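A.B. asks: Please read through the structure below; I'll follow up with questions.
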Amino acid sequence: MIIHAACMEAVVTVIAIGVAIIEQERNRNYIPREAHINAIAQREFYMDSILNRGDRHCVEQILMKPVVLYNLCVVLTSYDLLRSTQNVSIREQVIVFLQIVGQN
């Protein structure tokens, strides 16, 4: 009889804790998400703005002409030194690297 009463108390305690956790989650203030931004399109637009605004602009940004960049990407790909990932193309990887290395 005493064991049965102790088990019932334990069950009631677990249920009360579960209800308290559920109520706490319901009343929780969530931070609203920001509007979805198409990051892939933005990155492509940025890379195109570097490569298609003329040789001078491209040299100012990544210290090489677009033709040389494309040839470098071909060499890196042909020797299997760099691979595209699901999120980042070889061209983008090279541009980001050159921008970082090219700054003081």
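Every chain in the structure tokens has a letter given in the order shown (A, B, ...), and although residue numbers restart at 1 in each chain, ligands are simply numbered from 1 in the order shown.
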So which residues of chain A fall under alpha helix (DSSP H) by DSSP, listed as a VMD selection string?

C.D. replies: chain A and resid 2 to 26 39 to 51 55 to 62 66 to 78 90 to 102

A.B. asks: Report as a tab-separated table the residues of segment 67-95 of chain A within 10 Å of segment 41-58 of chain A, each with its shortest atom pair and distance in Å (one decimal), using only C-alpha atoms, ordered by chain and increasing residue number.

C.D. replies:
```
residue	atom	partner	partner_atom	distance
A:Val67	CA	A:Asp55	CA	9.0
A:Leu69	CA	A:Leu51	CA	9.1
A:Val88	CA	A:Arg43	CA	9.4
A:Ser89	CA	A:Glu44	CA	9.8
A:Arg91	CA	A:Met47	CA	8.5
A:Glu92	CA	A:Met47	CA	7.1
A:Ile95	CA	A:Met47	CA	7.7
```

A.B. asks: Output N, CA and C atoms for every residue in that selection, as a PDB file, in the first residue's frame.

C.D. replies:
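As written to disk, out_36.pdb reads:
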```
ATOM      1  N   VAL A  67      39.666  37.162 -67.326  1.00  0.00           N
ATOM      2  CA  VAL A  67      40.164  36.049 -68.151  1.00  0.00           C
ATOM      3  C   VAL A  67      41.164  35.211 -67.361  1.00  0.00           C
ATOM      4  N   LEU A  69      41.311  34.997 -64.116  1.00  0.00           N
ATOM      5  CA  LEU A  69      40.558  34.305 -63.067  1.00  0.00           C
ATOM      6  C   LEU A  69      39.933  33.025 -63.604  1.00  0.00           C
ATOM      7  N   VAL A  88      29.055  26.646 -52.439  1.00  0.00           N
ATOM      8  CA  VAL A  88      30.030  27.609 -52.953  1.00  0.00           C
ATOM      9  C   VAL A  88      30.710  27.049 -54.197  1.00  0.00           C
ATOM     10  N   SER A  89      30.671  27.816 -55.281  1.00  0.00           N
ATOM     11  CA  SER A  89      31.310  27.394 -56.522  1.00  0.00           C
ATOM     12  C   SER A  89      32.815  27.648 -56.446  1.00  0.00           C
ATOM     13  N   ARG A  91      34.560  29.344 -58.594  1.00  0.00           N
ATOM     14  CA  ARG A  91      34.774  30.748 -58.928  1.00  0.00           C
ATOM     15  C   ARG A  91      34.605  31.627 -57.690  1.00  0.00           C
ATOM     16  N   GLU A  92      33.573  31.350 -56.895  1.00  0.00           N
ATOM     17  CA  GLU A  92      33.345  32.145 -55.688  1.00  0.00           C
ATOM     18  C   GLU A  92      34.451  31.913 -54.660  1.00  0.00           C
ATOM     19  N   ILE A  95      37.476  33.932 -55.826  1.00  0.00           N
ATOM     20  CA  ILE A  95      37.259  35.371 -55.675  1.00  0.00           C
ATOM     21  C   ILE A  95      37.388  35.781 -54.211  1.00  0.00           C
TER      22      ILE A  95
END
```

A.B. asks: Would you list the contacts of Ile62 of chain A as an MDAnalysis selection string, taking every protein, DNA or RNA residue within 7 Å and counting only C-alpha atoms, but skipping same-chain residues closer than 2 positions in sequence?

C.D. replies: chainID A and resid 58:60 64 95 98:99 102

A.B. asks: How many Å lie between atom CA of Gln93 of chain A and atom CA of Thr77 of chain A, rounded to one decimal?

C.D. replies: 11.9 Å

A.B. asks: Work out how far atom CA of Val68 of chain A is from atom CA of Ala39 of chain A, in Å to one decimal.

C.D. replies: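 Taking atom CA of Ala39 of chain A as the start and atom CA of Val68 of chain A as the end point, the length is 26.2 Å.
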
A.B. asks: With only C-alpha atoms as the basis for distance, which of A:Ala16, A:Leu63, A:Ile37, A:Cys7 is at the shortest distance from Val96 of chain A?

C.D. replies: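 Between A:Ala16, A:Leu63, A:Ile37, A:Cys7, the residue approaching Val96 of chain A most closely is A:Leu63.
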